[in-house]
Structures are given as C-alpha cells and as structure tokens.
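File shown here: model_3.txt, holding compact mmCIF, C-alpha atoms.
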```
# COMPACT_ATOMS: atom_id res chain seq x y z
CA MET A 1 -92.81 -23.54 -104.72
CA ALA A 2 -94.68 -23.94 -108.02
CA ARG A 3 -96.85 -20.86 -107.55
CA THR A 4 -93.86 -18.72 -106.56
CA LEU A 5 -92.08 -19.67 -109.79
CA ILE A 6 -95.17 -18.77 -111.81
CA VAL A 7 -95.34 -15.34 -110.15
CA LEU A 8 -91.63 -14.78 -110.69
CA LEU A 9 -91.76 -15.66 -114.37
CA ALA A 10 -94.77 -13.39 -114.86
CA LEU A 11 -92.97 -10.44 -113.27
CA ALA A 12 -89.58 -10.84 -114.91
CA PRO A 13 -89.01 -9.20 -118.31
CA ALA A 14 -89.47 -11.56 -121.23
CA GLY A 15 -86.29 -12.97 -122.66
CA ALA A 16 -84.19 -11.84 -119.70
CA ALA A 17 -82.65 -15.24 -119.19
CA HIS A 18 -80.15 -15.92 -121.95
CA ALA A 19 -77.70 -18.78 -122.04
CA GLN A 20 -74.85 -17.59 -119.82
CA ALA A 21 -72.14 -19.18 -117.77
CA VAL A 22 -73.42 -20.24 -114.38
CA GLN A 23 -71.34 -19.19 -111.38
CA PHE A 24 -71.58 -21.13 -108.15
CA LYS A 25 -70.88 -19.73 -104.70
CA PRO A 26 -70.77 -22.01 -101.65
CA LEU A 27 -72.44 -20.76 -98.48
CA GLY A 28 -71.37 -21.79 -95.02
CA GLU A 29 -71.41 -20.53 -91.46
CA ALA A 30 -71.32 -21.90 -87.94
CA ARG A 31 -72.16 -20.54 -84.51
CA LEU A 32 -71.23 -22.05 -81.14
CA ARG A 33 -72.96 -20.41 -78.20
CA TYR A 34 -73.11 -20.91 -74.47
CA GLU A 35 -76.06 -19.25 -72.75
CA SER A 36 -77.02 -19.30 -69.08
CA VAL A 37 -80.08 -17.82 -67.40
CA ASP A 38 -80.80 -17.28 -63.70
CA GLN A 39 -84.38 -16.17 -63.14
CA ASP A 40 -86.13 -15.57 -59.82
CA GLY A 41 -89.14 -17.77 -59.23
CA LEU A 42 -87.80 -20.82 -61.05
CA ALA A 43 -86.25 -23.72 -59.20
CA SER A 44 -83.18 -24.18 -61.40
CA GLU A 45 -80.89 -22.16 -63.64
CA ALA A 46 -80.74 -22.86 -67.37
CA GLU A 47 -77.60 -23.74 -69.31
CA ALA A 48 -77.37 -24.33 -73.04
CA LEU A 49 -74.41 -25.02 -75.31
CA THR A 50 -75.71 -25.08 -78.86
CA LEU A 51 -74.00 -25.48 -82.23
CA ARG A 52 -75.70 -24.17 -85.36
CA VAL A 53 -74.34 -25.00 -88.80
CA ARG A 54 -75.67 -23.58 -92.08
CA ALA A 55 -74.61 -24.70 -95.55
CA GLY A 56 -75.84 -24.08 -99.05
CA VAL A 57 -75.06 -22.93 -102.55
CA GLU A 58 -75.98 -19.98 -104.74
CA ALA A 59 -75.97 -20.21 -108.53
CA LYS A 60 -75.94 -17.06 -110.71
CA ALA A 61 -76.41 -16.58 -114.42
CA GLY A 62 -76.73 -13.00 -115.56
CA ARG A 63 -79.61 -11.35 -113.71
CA TRP A 64 -80.94 -14.65 -112.39
CA SER A 65 -79.88 -16.51 -109.27
CA ALA A 66 -81.04 -19.51 -107.27
CA LEU A 67 -80.13 -20.21 -103.66
CA VAL A 68 -80.63 -23.21 -101.39
CA GLU A 69 -79.56 -23.32 -97.74
CA GLY A 70 -80.15 -25.76 -94.92
CA GLN A 71 -79.20 -25.73 -91.27
CA GLY A 72 -79.00 -27.88 -88.18
CA ASN A 73 -78.94 -26.89 -84.51
CA LEU A 74 -77.54 -29.31 -81.93
CA ALA A 75 -77.71 -28.94 -78.14
CA LEU A 76 -74.39 -30.12 -76.72
CA VAL A 77 -75.52 -29.10 -73.22
CA ASP A 78 -79.29 -29.15 -72.78
CA GLN A 79 -79.98 -28.14 -69.20
CA TYR A 80 -82.69 -25.72 -70.28
CA PHE A 81 -86.33 -25.38 -71.32
CA ASP A 82 -86.35 -24.72 -75.06
CA GLY A 83 -90.06 -23.86 -75.20
CA LEU A 84 -90.96 -27.34 -76.46
CA HIS A 85 -88.88 -29.85 -74.48
CA GLY A 86 -87.29 -30.01 -71.07
CA ALA A 87 -88.56 -28.95 -67.68
CA ALA A 88 -90.41 -25.64 -67.46
CA THR A 89 -88.90 -25.34 -63.98
CA ARG A 90 -85.88 -23.88 -65.79
CA PRO A 91 -85.84 -20.55 -67.67
CA ILE A 92 -86.56 -20.67 -71.38
CA ILE A 93 -83.75 -20.50 -73.92
CA ALA A 94 -85.52 -20.45 -77.28
CA ASP A 95 -83.05 -22.57 -79.27
CA PRO A 96 -84.58 -26.06 -79.71
CA GLU A 97 -82.69 -28.70 -81.64
CA ASN A 98 -83.68 -28.49 -85.27
CA ILE A 99 -82.93 -29.38 -88.86
CA ALA A 100 -84.50 -27.27 -91.57
CA LEU A 101 -84.48 -25.90 -95.08
CA THR A 102 -83.98 -22.23 -94.21
CA ARG A 103 -83.84 -20.75 -97.70
CA ALA A 104 -84.87 -21.96 -101.17
CA GLN A 105 -85.32 -18.97 -103.42
CA LEU A 106 -85.21 -17.85 -107.03
CA ARG A 107 -84.31 -14.24 -107.80
CA TYR A 108 -84.25 -11.91 -110.77
CA ALA A 109 -82.45 -8.57 -110.31
CA SER A 110 -81.80 -5.63 -112.60
CA PRO A 111 -80.51 -2.17 -111.58
CA THR A 112 -84.08 -0.89 -111.06
CA PHE A 113 -86.12 -4.03 -110.38
CA ALA A 114 -85.77 -7.21 -108.35
CA VAL A 115 -88.11 -9.99 -107.37
CA THR A 116 -87.38 -12.88 -105.01
CA ALA A 117 -89.68 -15.89 -104.71
CA GLY A 118 -89.55 -18.83 -102.33
CA ARG A 119 -88.32 -19.35 -98.79
CA GLN A 120 -86.22 -16.34 -97.83
CA ARG A 121 -85.12 -14.09 -95.00
CA ILE A 122 -86.92 -10.75 -94.93
CA GLY A 123 -86.14 -7.58 -92.98
CA PHE A 124 -87.64 -4.11 -93.31
CA ASP A 125 -85.83 -1.03 -91.97
CA ASP A 126 -84.48 -1.84 -88.48
CA GLU A 127 -86.59 -5.05 -88.22
CA ARG A 128 -88.84 -3.54 -85.54
CA PHE A 129 -91.90 -4.85 -87.36
CA VAL A 130 -90.64 -7.54 -89.76
CA GLY A 131 -87.31 -9.33 -89.34
CA SER A 132 -85.33 -12.56 -89.47
CA VAL A 133 -84.68 -13.01 -85.70
CA GLY A 134 -80.99 -13.45 -86.43
CA PHE A 135 -79.86 -13.79 -82.81
CA ARG A 136 -81.76 -17.01 -82.16
CA GLN A 137 -80.09 -20.12 -83.51
CA ASN A 138 -82.97 -21.20 -85.76
CA GLY A 139 -83.94 -17.75 -87.00
CA GLN A 140 -87.11 -16.85 -88.88
CA SER A 141 -87.76 -17.07 -92.61
CA TYR A 142 -90.72 -16.55 -94.89
CA ASP A 143 -92.39 -18.38 -97.75
CA ALA A 144 -92.97 -15.28 -99.81
CA VAL A 145 -92.73 -13.23 -102.98
CA ARG A 146 -90.91 -9.91 -102.63
CA GLY A 147 -90.56 -7.18 -105.22
CA GLU A 148 -88.21 -4.19 -105.03
CA VAL A 149 -88.50 -1.32 -107.51
CA THR A 150 -86.42 1.84 -107.89
CA PRO A 151 -88.52 3.99 -110.26
CA VAL A 152 -86.23 7.03 -109.92
CA LYS A 153 -82.93 7.64 -108.18
CA GLY A 154 -83.38 7.95 -104.41
CA VAL A 155 -86.83 6.32 -104.30
CA LYS A 156 -87.50 2.65 -103.56
CA VAL A 157 -90.74 0.66 -103.41
CA ASP A 158 -90.48 -2.60 -101.45
CA LEU A 159 -93.46 -4.98 -101.40
CA ALA A 160 -93.78 -8.52 -100.05
CA TYR A 161 -96.52 -11.09 -99.67
CA ALA A 162 -95.84 -14.00 -97.29
CA TRP A 163 -98.20 -16.93 -96.88
CA SER A 164 -96.14 -18.74 -94.24
CA VAL A 165 -93.74 -17.68 -91.49
CA ARG A 166 -91.16 -20.32 -90.56
CA THR A 167 -90.62 -19.75 -86.86
CA ILE A 168 -87.69 -20.20 -84.47
CA TRP A 169 -89.38 -23.30 -82.96
CA GLY A 170 -88.30 -25.67 -85.72
CA ILE A 171 -89.54 -29.09 -86.77
CA ASP A 172 -91.01 -29.99 -83.36
CA GLY A 173 -93.00 -26.77 -83.06
CA ALA A 174 -96.61 -27.25 -82.00
CA GLY A 175 -99.54 -25.41 -80.46
CA ALA A 176 -98.81 -21.77 -79.71
CA ARG A 177 -95.18 -22.39 -80.76
CA GLN A 178 -95.69 -23.83 -84.21
CA GLN A 179 -93.09 -24.77 -86.79
CA ALA A 180 -94.80 -22.43 -89.25
CA VAL A 181 -97.69 -19.98 -89.08
CA SER A 182 -99.85 -19.50 -92.16
CA GLY A 183 -101.66 -16.32 -93.16
CA ASP A 184 -101.91 -13.60 -95.76
CA ASN A 185 -99.14 -11.26 -94.62
CA VAL A 186 -98.58 -8.10 -96.66
CA PHE A 187 -95.57 -5.81 -96.12
CA ALA A 188 -95.14 -2.53 -97.98
CA ASN A 189 -92.47 0.13 -97.63
CA ILE A 190 -91.89 3.20 -99.80
CA ALA A 191 -88.69 5.16 -99.07
CA ALA A 192 -87.18 8.34 -100.45
CA GLN A 193 -83.84 9.99 -99.75
CA THR A 194 -84.28 13.55 -98.45
CA PRO A 195 -81.82 16.18 -97.16
CA VAL A 196 -82.57 15.05 -93.59
CA GLY A 197 -82.36 11.31 -94.19
CA LYS A 198 -84.34 8.40 -95.57
CA LEU A 199 -88.07 9.02 -95.18
CA SER A 200 -90.22 5.89 -95.30
CA GLY A 201 -93.92 5.23 -95.27
CA PHE A 202 -94.97 1.69 -94.40
CA ALA A 203 -97.88 -0.69 -94.03
CA TYR A 204 -97.34 -4.03 -92.29
CA LEU A 205 -100.37 -6.33 -92.30
CA VAL A 206 -99.62 -9.32 -90.08
CA ASP A 207 -102.00 -12.27 -90.42
CA GLN A 208 -101.38 -14.94 -87.77
CA ASP A 209 -104.23 -16.97 -89.23
CA GLU A 210 -104.25 -19.94 -86.87
CA ALA A 211 -106.40 -20.31 -83.77
CA ALA A 212 -103.53 -21.82 -81.78
CA ILE A 213 -101.68 -18.50 -82.03
CA GLN A 214 -103.52 -16.63 -79.26
CA GLY A 215 -106.90 -17.25 -80.90
CA PHE A 216 -105.98 -15.03 -83.90
CA ARG A 217 -105.21 -12.12 -81.51
CA MET A 218 -101.75 -11.46 -82.97
CA SER A 219 -103.16 -10.36 -86.34
CA SER A 220 -102.79 -6.62 -86.81
CA GLN A 221 -102.38 -3.81 -89.33
CA SER A 222 -99.77 -1.11 -88.71
CA TYR A 223 -99.36 2.05 -90.78
CA GLY A 224 -96.62 4.56 -90.12
CA VAL A 225 -93.67 6.72 -91.10
CA ARG A 226 -89.97 6.60 -90.29
CA LEU A 227 -87.04 8.99 -90.70
CA ASP A 228 -83.48 7.65 -90.50
CA GLY A 229 -80.56 10.00 -91.13
CA SER A 230 -77.06 11.12 -90.22
CA LYS A 231 -74.81 14.12 -90.80
CA PRO A 232 -71.17 15.07 -90.13
CA LEU A 233 -70.79 17.72 -87.44
CA GLY A 234 -67.17 18.83 -87.34
CA LYS A 235 -65.16 15.74 -86.38
CA ALA A 236 -68.28 14.10 -85.04
CA LYS A 237 -71.21 12.40 -86.75
CA ILE A 238 -74.76 12.73 -85.48
CA ALA A 239 -77.42 10.15 -86.35
CA TRP A 240 -81.14 10.16 -85.68
CA GLN A 241 -84.21 7.96 -85.99
CA LEU A 242 -87.82 9.06 -85.65
CA SER A 243 -90.84 6.84 -86.17
CA TYR A 244 -94.57 6.76 -85.58
CA SER A 245 -97.13 4.05 -86.29
CA ARG A 246 -100.80 3.37 -85.62
CA GLN A 247 -101.90 -0.24 -85.15
CA SER A 248 -105.33 -1.86 -85.03
CA ASP A 249 -106.85 -5.33 -85.23
CA TRP A 250 -106.98 -7.07 -88.60
CA HIS A 251 -108.42 -10.10 -90.31
CA ARG A 252 -109.92 -12.56 -87.77
CA ASN A 253 -108.60 -10.88 -84.62
CA PRO A 254 -111.57 -10.84 -82.20
CA ASN A 255 -110.15 -7.85 -80.28
CA ASP A 256 -111.28 -4.37 -81.29
CA TYR A 257 -108.40 -2.05 -80.45
CA SER A 258 -105.99 0.61 -81.65
CA ALA A 259 -102.60 1.59 -80.23
CA ASP A 260 -99.69 3.88 -81.11
CA TYR A 261 -95.95 3.41 -81.52
CA TYR A 262 -93.32 6.17 -81.09
CA LEU A 263 -89.55 6.20 -81.43
CA ALA A 264 -87.03 9.00 -81.00
CA ASP A 265 -83.35 8.05 -81.05
CA VAL A 266 -80.18 10.15 -81.40
CA ALA A 267 -76.50 9.19 -81.32
CA VAL A 268 -73.19 11.02 -81.65
CA GLY A 269 -70.06 9.27 -82.92
CA LEU A 270 -66.47 10.51 -82.61
CA GLY A 271 -64.66 7.84 -84.58
CA GLY A 272 -64.04 5.38 -81.75
CA PRO A 273 -66.49 6.46 -79.05
CA ARG A 274 -70.24 6.72 -79.63
CA VAL A 275 -73.01 7.72 -77.22
CA GLY A 276 -76.74 7.61 -77.78
CA ALA A 277 -80.13 7.89 -76.14
CA GLY A 278 -83.68 7.12 -77.14
CA TYR A 279 -87.27 6.75 -76.11
CA GLU A 280 -89.51 4.03 -77.53
CA ILE A 281 -93.19 3.57 -76.73
CA LEU A 282 -95.36 0.60 -77.60
CA GLY A 283 -98.68 2.04 -76.55
CA ALA A 284 -101.57 0.61 -74.60
CA GLY A 285 -104.90 0.30 -76.32
CA SER A 286 -108.07 1.88 -75.01
CA GLY A 287 -109.43 0.57 -71.74
CA ALA A 288 -108.75 0.49 -68.02
CA ILE A 289 -105.50 -0.38 -66.27
CA GLY A 290 -104.76 -4.07 -66.66
CA GLY A 291 -107.12 -4.27 -69.62
CA ALA A 292 -107.52 -7.07 -72.15
CA ALA A 293 -104.37 -8.91 -73.18
CA LEU A 294 -103.00 -8.25 -76.68
CA THR A 295 -104.80 -4.92 -77.10
CA SER A 296 -101.51 -3.02 -76.83
CA PHE A 297 -99.06 -2.48 -79.71
CA GLN A 298 -97.64 -5.88 -80.76
CA THR A 299 -94.80 -6.82 -83.15
CA PRO A 300 -94.86 -10.64 -83.40
CA LEU A 301 -92.64 -10.77 -86.53
CA ALA A 302 -89.95 -8.42 -85.22
CA THR A 303 -86.36 -9.29 -84.44
CA GLY A 304 -87.28 -8.66 -80.81
CA PHE A 305 -83.82 -9.21 -79.30
CA LYS A 306 -82.64 -5.92 -80.83
CA PHE A 307 -85.16 -3.88 -78.83
CA GLN A 308 -86.09 -3.25 -75.18
CA GLY A 309 -83.10 -5.06 -73.73
CA TRP A 310 -81.52 -8.46 -74.14
CA ALA A 311 -83.36 -10.02 -71.19
CA ASP A 312 -86.37 -10.41 -73.55
CA LYS A 313 -88.98 -9.37 -71.00
CA PHE A 314 -91.15 -7.49 -73.49
CA LEU A 315 -91.33 -9.74 -76.55
CA VAL A 316 -95.09 -9.63 -75.98
CA THR A 317 -96.19 -6.12 -75.00
CA PRO A 318 -98.06 -6.01 -71.67
CA PRO A 319 -101.74 -4.86 -71.74
CA ASP A 320 -100.72 -1.45 -70.37
CA GLY A 321 -98.01 -0.99 -73.03
CA VAL A 322 -94.35 -0.23 -72.37
CA ARG A 323 -92.17 2.86 -72.43
CA ASP A 324 -88.43 2.32 -72.79
CA LEU A 325 -86.12 5.23 -71.96
CA TYR A 326 -82.56 4.14 -72.77
CA ALA A 327 -78.99 5.36 -73.10
CA SER A 328 -75.91 3.64 -74.53
CA ALA A 329 -72.17 4.09 -74.89
CA ARG A 330 -69.83 2.26 -77.24
CA TRP A 331 -66.16 2.35 -78.11
CA SER A 332 -64.74 0.68 -81.23
CA TRP A 333 -61.23 0.08 -82.55
CA LYS A 334 -60.38 -1.08 -86.07
CA ALA A 335 -57.61 -3.24 -84.66
CA VAL A 336 -56.04 -4.14 -81.32
CA GLY A 337 -53.01 -6.31 -81.99
CA PRO A 338 -54.20 -9.28 -84.10
CA LEU A 339 -57.84 -8.57 -83.28
CA LYS A 340 -60.04 -6.64 -85.70
CA ALA A 341 -63.33 -4.76 -85.22
CA VAL A 342 -62.97 -4.63 -81.44
CA THR A 343 -66.04 -3.21 -79.67
CA VAL A 344 -67.18 -2.72 -76.09
CA GLN A 345 -70.58 -1.26 -75.25
CA ALA A 346 -73.06 -0.75 -72.45
CA ALA A 347 -76.74 0.21 -72.36
CA TYR A 348 -79.21 1.13 -69.65
CA HIS A 349 -83.01 0.84 -69.94
CA ASP A 350 -85.74 2.23 -67.70
CA TYR A 351 -89.09 0.54 -68.36
CA ARG A 352 -92.50 1.92 -67.47
CA SER A 353 -96.08 1.22 -68.47
CA ASP A 354 -97.61 3.44 -71.11
CA ARG A 355 -100.93 3.62 -69.31
CA ALA A 356 -100.56 5.24 -65.85
CA VAL A 357 -96.73 5.32 -66.27
CA ARG A 358 -95.98 2.76 -63.55
CA SER A 359 -92.44 1.39 -63.09
CA TYR A 360 -91.80 -2.03 -64.62
CA GLY A 361 -88.08 -2.26 -63.83
CA ASP A 362 -84.72 -1.47 -65.36
CA GLU A 363 -81.95 -3.30 -67.20
CA ILE A 364 -78.21 -3.14 -67.87
CA ASP A 365 -76.75 -4.74 -71.01
CA LEU A 366 -73.00 -5.24 -71.64
CA LEU A 367 -71.13 -6.51 -74.70
CA ALA A 368 -67.56 -7.04 -75.88
CA SER A 369 -66.70 -8.47 -79.30
CA ALA A 370 -63.74 -8.88 -81.67
CA LYS A 371 -62.81 -10.63 -84.90
CA LEU A 372 -59.82 -12.88 -85.55
CA GLY A 373 -59.59 -14.10 -89.12
CA LYS A 374 -62.98 -15.52 -90.05
CA ILE A 375 -64.06 -15.99 -86.43
CA THR A 376 -65.94 -13.39 -84.40
CA GLY A 377 -66.09 -13.85 -80.64
CA SER A 378 -68.37 -12.07 -78.21
CA VAL A 379 -69.28 -12.04 -74.55
CA ARG A 380 -72.60 -10.56 -73.51
CA TYR A 381 -74.47 -9.98 -70.23
CA ALA A 382 -77.94 -8.73 -69.32
CA HIS A 383 -79.35 -7.95 -65.87
CA TYR A 384 -83.05 -7.18 -65.51
CA ASN A 385 -84.06 -5.66 -62.17
CA ALA A 386 -87.80 -6.16 -61.76
CA GLY A 387 -89.99 -3.40 -60.37
CA GLY A 388 -93.66 -3.96 -61.12
CA PHE A 389 -93.28 -6.43 -63.99
CA ALA A 390 -91.78 -9.94 -64.36
CA THR A 391 -88.90 -11.13 -62.14
CA ASP A 392 -85.18 -10.45 -61.64
CA THR A 393 -83.19 -12.15 -64.39
CA ASP A 394 -79.50 -12.51 -65.27
CA LYS A 395 -78.38 -13.76 -68.69
CA PHE A 396 -74.85 -14.52 -69.89
CA TRP A 397 -73.59 -15.49 -73.36
CA LEU A 398 -70.28 -16.64 -74.85
CA GLN A 399 -70.41 -16.91 -78.64
CA LEU A 400 -68.17 -17.79 -81.58
CA ASP A 401 -69.28 -17.13 -85.17
CA TRP A 402 -67.52 -18.40 -88.29
CA MET A 403 -68.43 -17.54 -91.86
CA LEU A 404 -67.05 -18.99 -95.09
```
Could you spell out this file's structure in structure tokens?
Amino acid sequence: MARTLIVLLALAPAGAAHAQAVQFKPLGEARLRYESVDQDGLASEAEALTLRVRAGVEAKAGRWSALVEGQGNLALVDQYFDGLHGAATRPIIADPENIALTRAQLRYASPTFAVTAGRQRIGFDDERFVGSVGFRQNGQSYDAVRGEVTPVKGVKVDLAYAWSVRTIWGIDGAGARQQAVSGDNVFANIAAQTPVGKLSGFAYLVDQDEAAIQGFRMSSQSYGVRLDGSKPLGKAKIAWQLSYSRQSDWHRNPNDYSADYYLADVAVGLGGPRVGAGYEILGAGSGAIGGAALTSFQTPLATGFKFQGWADKFLVTPPDGVRDLYASARWSWKAVGPLKAVTVQAAYHDYRSDRAVRSYGDEIDLLASAKLGKITGSVRYAHYNAGGFATDTDKFWLQLDWML
C-alpha cells in the first residue's frame, strides 16, 4: 500500500486536501444463493447454499475519500466441488468459503481528474476484457492505480496499472487457481462521445506472470475499438454495440499466436418489452483444426458469466475459437403490486467453432427477478445442450440480495 499512496500523492494537485469535515458512510450487503448443477459424465449432482456478507466504511473529506471493505463467504450446504475442496466427481461451483479484504483504496476526484490507488474493483466498458466477476460470491479485485481524466467535454482517458489480481478462489487458492496472480497488467481506454454513440479505443495488456497459470500462456495484449450507442425511434429505442480487437501473445507467453475478436449486437426496446440479437466471435489462432491450446482469443480477466451463456462452458476459449449467435427477449415492469423492477427474460445461444465452423451445442437461459424493499430476489436457469463440445449441463439458481 505504501507505493500506491506515494503515486497518489504525486498525482494529486498540491494543497488539494484542506481541513474539512469528514463524512462517513457505512457499506453493507449480503447475498444468499442456492445453486445446483447436473452435468453429464459426473457421478453426482452439485448443490451449494452460500451466504456472502460484505461490510465496510467510506470516509470523505472534500475531494478525498478512503474506503475499506471486507467480506466473508460461508457454505451452508457444501455438496459441491468448489475448485479447491470437495470431490471432483461433482460439478464445479466456483464459490469456495473465504474471508478477505476486498477493497482498501484511497481516491482523489475533481470534475476533470480522478485517481484511485489500492485494492479496488475495476471494470472497463462491458467487462468483456477486464471486470470484477460480480456474479461469483468472492468476486475479483485488483491491487492497482487507476487514473481517469476528462480533458474536454465528451472525451475520457482511463488508465490503470495492476500488479496483482485477487481472484475468486480466495484464501485457499493454490496452483492454477491461486488466491492472487501477480504481473504487470496495463489497461488503457480512450472514449469520445459521437453522434452515433460512445467510440472507444482500448489496449488491454494482461500479464499472468506466474508459471502455475498455464505456464504463462494466459498473458496477452489486445488492441481494439468499440462503439456503444442508442437512439429513440418513434416510441421505441434502438441500441447497438460493435467491437473489434486483435490479440497476440505478450510478456513471457511461450505461444506465438494472433487471433481476432468481433461483436455485433442490436436491441429494440418498447418501454416494457425488449428484443435483441447479436453475434460474438472469439477467433481461433493460426494453425490446423484442434491446434495448440490457448492460441485462440482469451479473456482471463473478464466477467465471463455475462457472456456466452450462464452454463459457463466457454470461460476458456477452445483452440478452434467460438462463435456465439444469440437472441434474447425481455419484459420489464416498474411495479407489480408491492414488487418493484420486475423482469422476466429468455436468451438462446447457438455455439460453433470459429475454425471450420463445427457445431459445439446450444443453450437456453431464463431469468425472473423483482425487488421488495431493499431485497432483490431472482430465479435463474441454464440448459446447455452439447453438440461437439463439452457435455449436457443444467444449472439452477435461487438468489436473494440485500444492500444497505
């Protein structure tokens, strides 16, 4: 923490911290979740009932703030393989018991400049490349320094350097599933508002600088562009996302490869109902069918649950890449009786390899959620129907979230 404070003080304008009244804000949230998984090829089903509690405090004085937050995750029902403990004869549910300091950060923020130093959650754009893995109970945070600058209205420069990634595996993490992964990670994003949406250029240099993490093979450099916009169209609203990136090996990665990423997504909303469709490609690298592992487009720091279906079959991209053609429908109500923010949605995914375009399988995802007071409840289901990749899998979740 000492070096982060030195960097922060060097970046912040001199004399910015004057004697001011300090305001304290308590932080608290809890999540109770039941998850079950039935996966072909494994002898037993998995069942987990986990309770995550986070608590902390934020202190503010003028443009300065300090935040500390800790969390604990307890398995009330532990009939599952958490990736570290339990029998691997059951499907994995990646929520091991844990206690951790999730955030410990110091921040200076003015209208045009902000810098955050210390342990923090980081997300860029839609978290396809760098995210906080918010769905998993332990989440992902970064020991990092992040600077955000708005030199002119409508333009933002966002830069971060992270020397450690605190993973979802928690205090017992080891081997390929470590508690933390060190490395010189550099994230850069420059965005400008245009008539057709926010146009971003990015560079994400991921340094998984430990031999236990696939022999350094998850280190990569990705450079790309992204357009994210929306526009009213009569009573409707149309939204679109377009993105392209080129990735290659970086730092000590022994693989010599390059691969491409493409995204095209469009959605139309009519107040309550919303329909959308998209096509996402994480490309295969050069080589023959079934080529070397980890030479396709990889995103090891992404919030992977948000993409390519909730069954989590493609958290590591297969050697031949993956193409995801998907469609979704959603209906939302502001209120239904005492319930607020009521939503039901469904999505369908068709997965194929990028190289040779072979069928991997398909997936259906369903969700219903609503809020009552400070509690949000949700029920979620995913069914993966295997074709040429992985095995048939059914997942079911019941979840309650509470926030202070």
Which polymer residues have any atom within 6 Å of an atom of stretch 174-185 of chain A, counting only C-alpha atoms, with same-chain residues fewer than 3 positions away left out, as a PyMOL selection string?
chain A and resi 161-167+169-171+205-209+212-213
Using all atoms listed in the file, the shortest atom-to-atom distance to A:Glu148 among A:Ser219, A:Asn189, A:Ser132, A:Thr50 belongs to A:Asn189
At a cut-off of 7 Å, using all atoms listed in the file, what residues contact stretch 254-270 of chain A? Leave out same-chain residues fewer than 5 positions from it and give the result as an mmCIF file with C-alpha atoms, in the frame of the given file.
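Dumped to around23.cif:
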```
data_model
loop_
_atom_site.group_PDB
_atom_site.id
_atom_site.type_symbol
_atom_site.label_atom_id
_atom_site.label_comp_id
_atom_site.auth_asym_id
_atom_site.auth_seq_id
_atom_site.Cartn_x
_atom_site.Cartn_y
_atom_site.Cartn_z
ATOM 1 C CA ARG A 217 -105.210 -12.120 -81.510
ATOM 2 C CA LYS A 235 -65.160 15.740 -86.380
ATOM 3 C CA ALA A 236 -68.280 14.100 -85.040
ATOM 4 C CA LYS A 237 -71.210 12.400 -86.750
ATOM 5 C CA ILE A 238 -74.760 12.730 -85.480
ATOM 6 C CA ALA A 239 -77.420 10.150 -86.350
ATOM 7 C CA TRP A 240 -81.140 10.160 -85.680
ATOM 8 C CA GLN A 241 -84.210 7.960 -85.990
ATOM 9 C CA LEU A 242 -87.820 9.060 -85.650
ATOM 10 C CA SER A 243 -90.840 6.840 -86.170
ATOM 11 C CA TYR A 244 -94.570 6.760 -85.580
ATOM 12 C CA SER A 245 -97.130 4.050 -86.290
ATOM 13 C CA ARG A 246 -100.800 3.370 -85.620
ATOM 14 C CA GLN A 247 -101.900 -0.240 -85.150
ATOM 15 C CA SER A 248 -105.330 -1.860 -85.030
ATOM 16 C CA ASP A 249 -106.850 -5.330 -85.230
ATOM 17 C CA VAL A 275 -73.010 7.720 -77.220
ATOM 18 C CA GLY A 276 -76.740 7.610 -77.780
ATOM 19 C CA ALA A 277 -80.130 7.890 -76.140
ATOM 20 C CA GLY A 278 -83.680 7.120 -77.140
ATOM 21 C CA TYR A 279 -87.270 6.750 -76.110
ATOM 22 C CA GLU A 280 -89.510 4.030 -77.530
ATOM 23 C CA ILE A 281 -93.190 3.570 -76.730
ATOM 24 C CA LEU A 282 -95.360 0.600 -77.600
ATOM 25 C CA GLY A 283 -98.680 2.040 -76.550
ATOM 26 C CA ALA A 284 -101.570 0.610 -74.600
ATOM 27 C CA GLY A 285 -104.900 0.300 -76.320
ATOM 28 C CA SER A 286 -108.070 1.880 -75.010
ATOM 29 C CA THR A 295 -104.800 -4.920 -77.100
ATOM 30 C CA SER A 296 -101.510 -3.020 -76.830
ATOM 31 C CA PHE A 297 -99.060 -2.480 -79.710
#
```
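Closest approach to A:Ser230 among A:Leu51, A:Leu398, A:Val196, A:Val342: A:Val196, based on only C-alpha atoms.
Using only C-alpha atoms, the protein and nucleic acid residues lying no more than 7 Å from stretch 102-112 of chain A, apart from those fewer than 3 places from it along its own chain, are Ala12, Arg63, Trp64, Ser65, Ala66, Leu67, Val68, Glu69, Gly70, Gln71, Val115, Thr116, Ala117, Gly118, Arg119, Gln120, Ser141, Val149, Thr150 and Pro151 of chain A.
Each of A:Asp82, A:Asp158, A:Glu363, A:Asp143 was checked against A:Gly173 using all atoms listed in the file; the smallest atom-to-atom distance is that of A:Asp82.
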So which residues touch stretch 346-356 of chain A within 10 Å, counting all atoms listed in the file, skipping near sequence neighbours fewer than 2 positions away, as a count of residues only?
57
Please, what is the axis-aligned box for every listed atom of stretch 71-89 of chain A with 3 Å on each side, as centre and edge lengths in Å to one decimal, as JSON?
```
{"center_x": -82.7, "center_y": -27.0, "center_z": -77.6, "size_x": 22.6, "size_y": 12.3, "size_z": 33.3}
```
Cut-off 10 Å around (-87.5, -14.9, -57.5) with only C-alpha atoms: residues as a PyMOL selection string:
chain A and resi 38-43+386+390-393
As an MDAnalysis selection string, please: the residues near A:Tyr204 (cut-off 8 Å, only C-alpha atoms, same-chain neighbours under 3 positions excluded).
chainID A and resid 129:130 185:188 221:223
Atom CA of A:Phe305 to atom CA of A:Asp172, straight-line distance in Å
22.4 Å
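Straight-line separation from atom CA of A:Val22 to atom CA of A:Val145: 23.5 Å.
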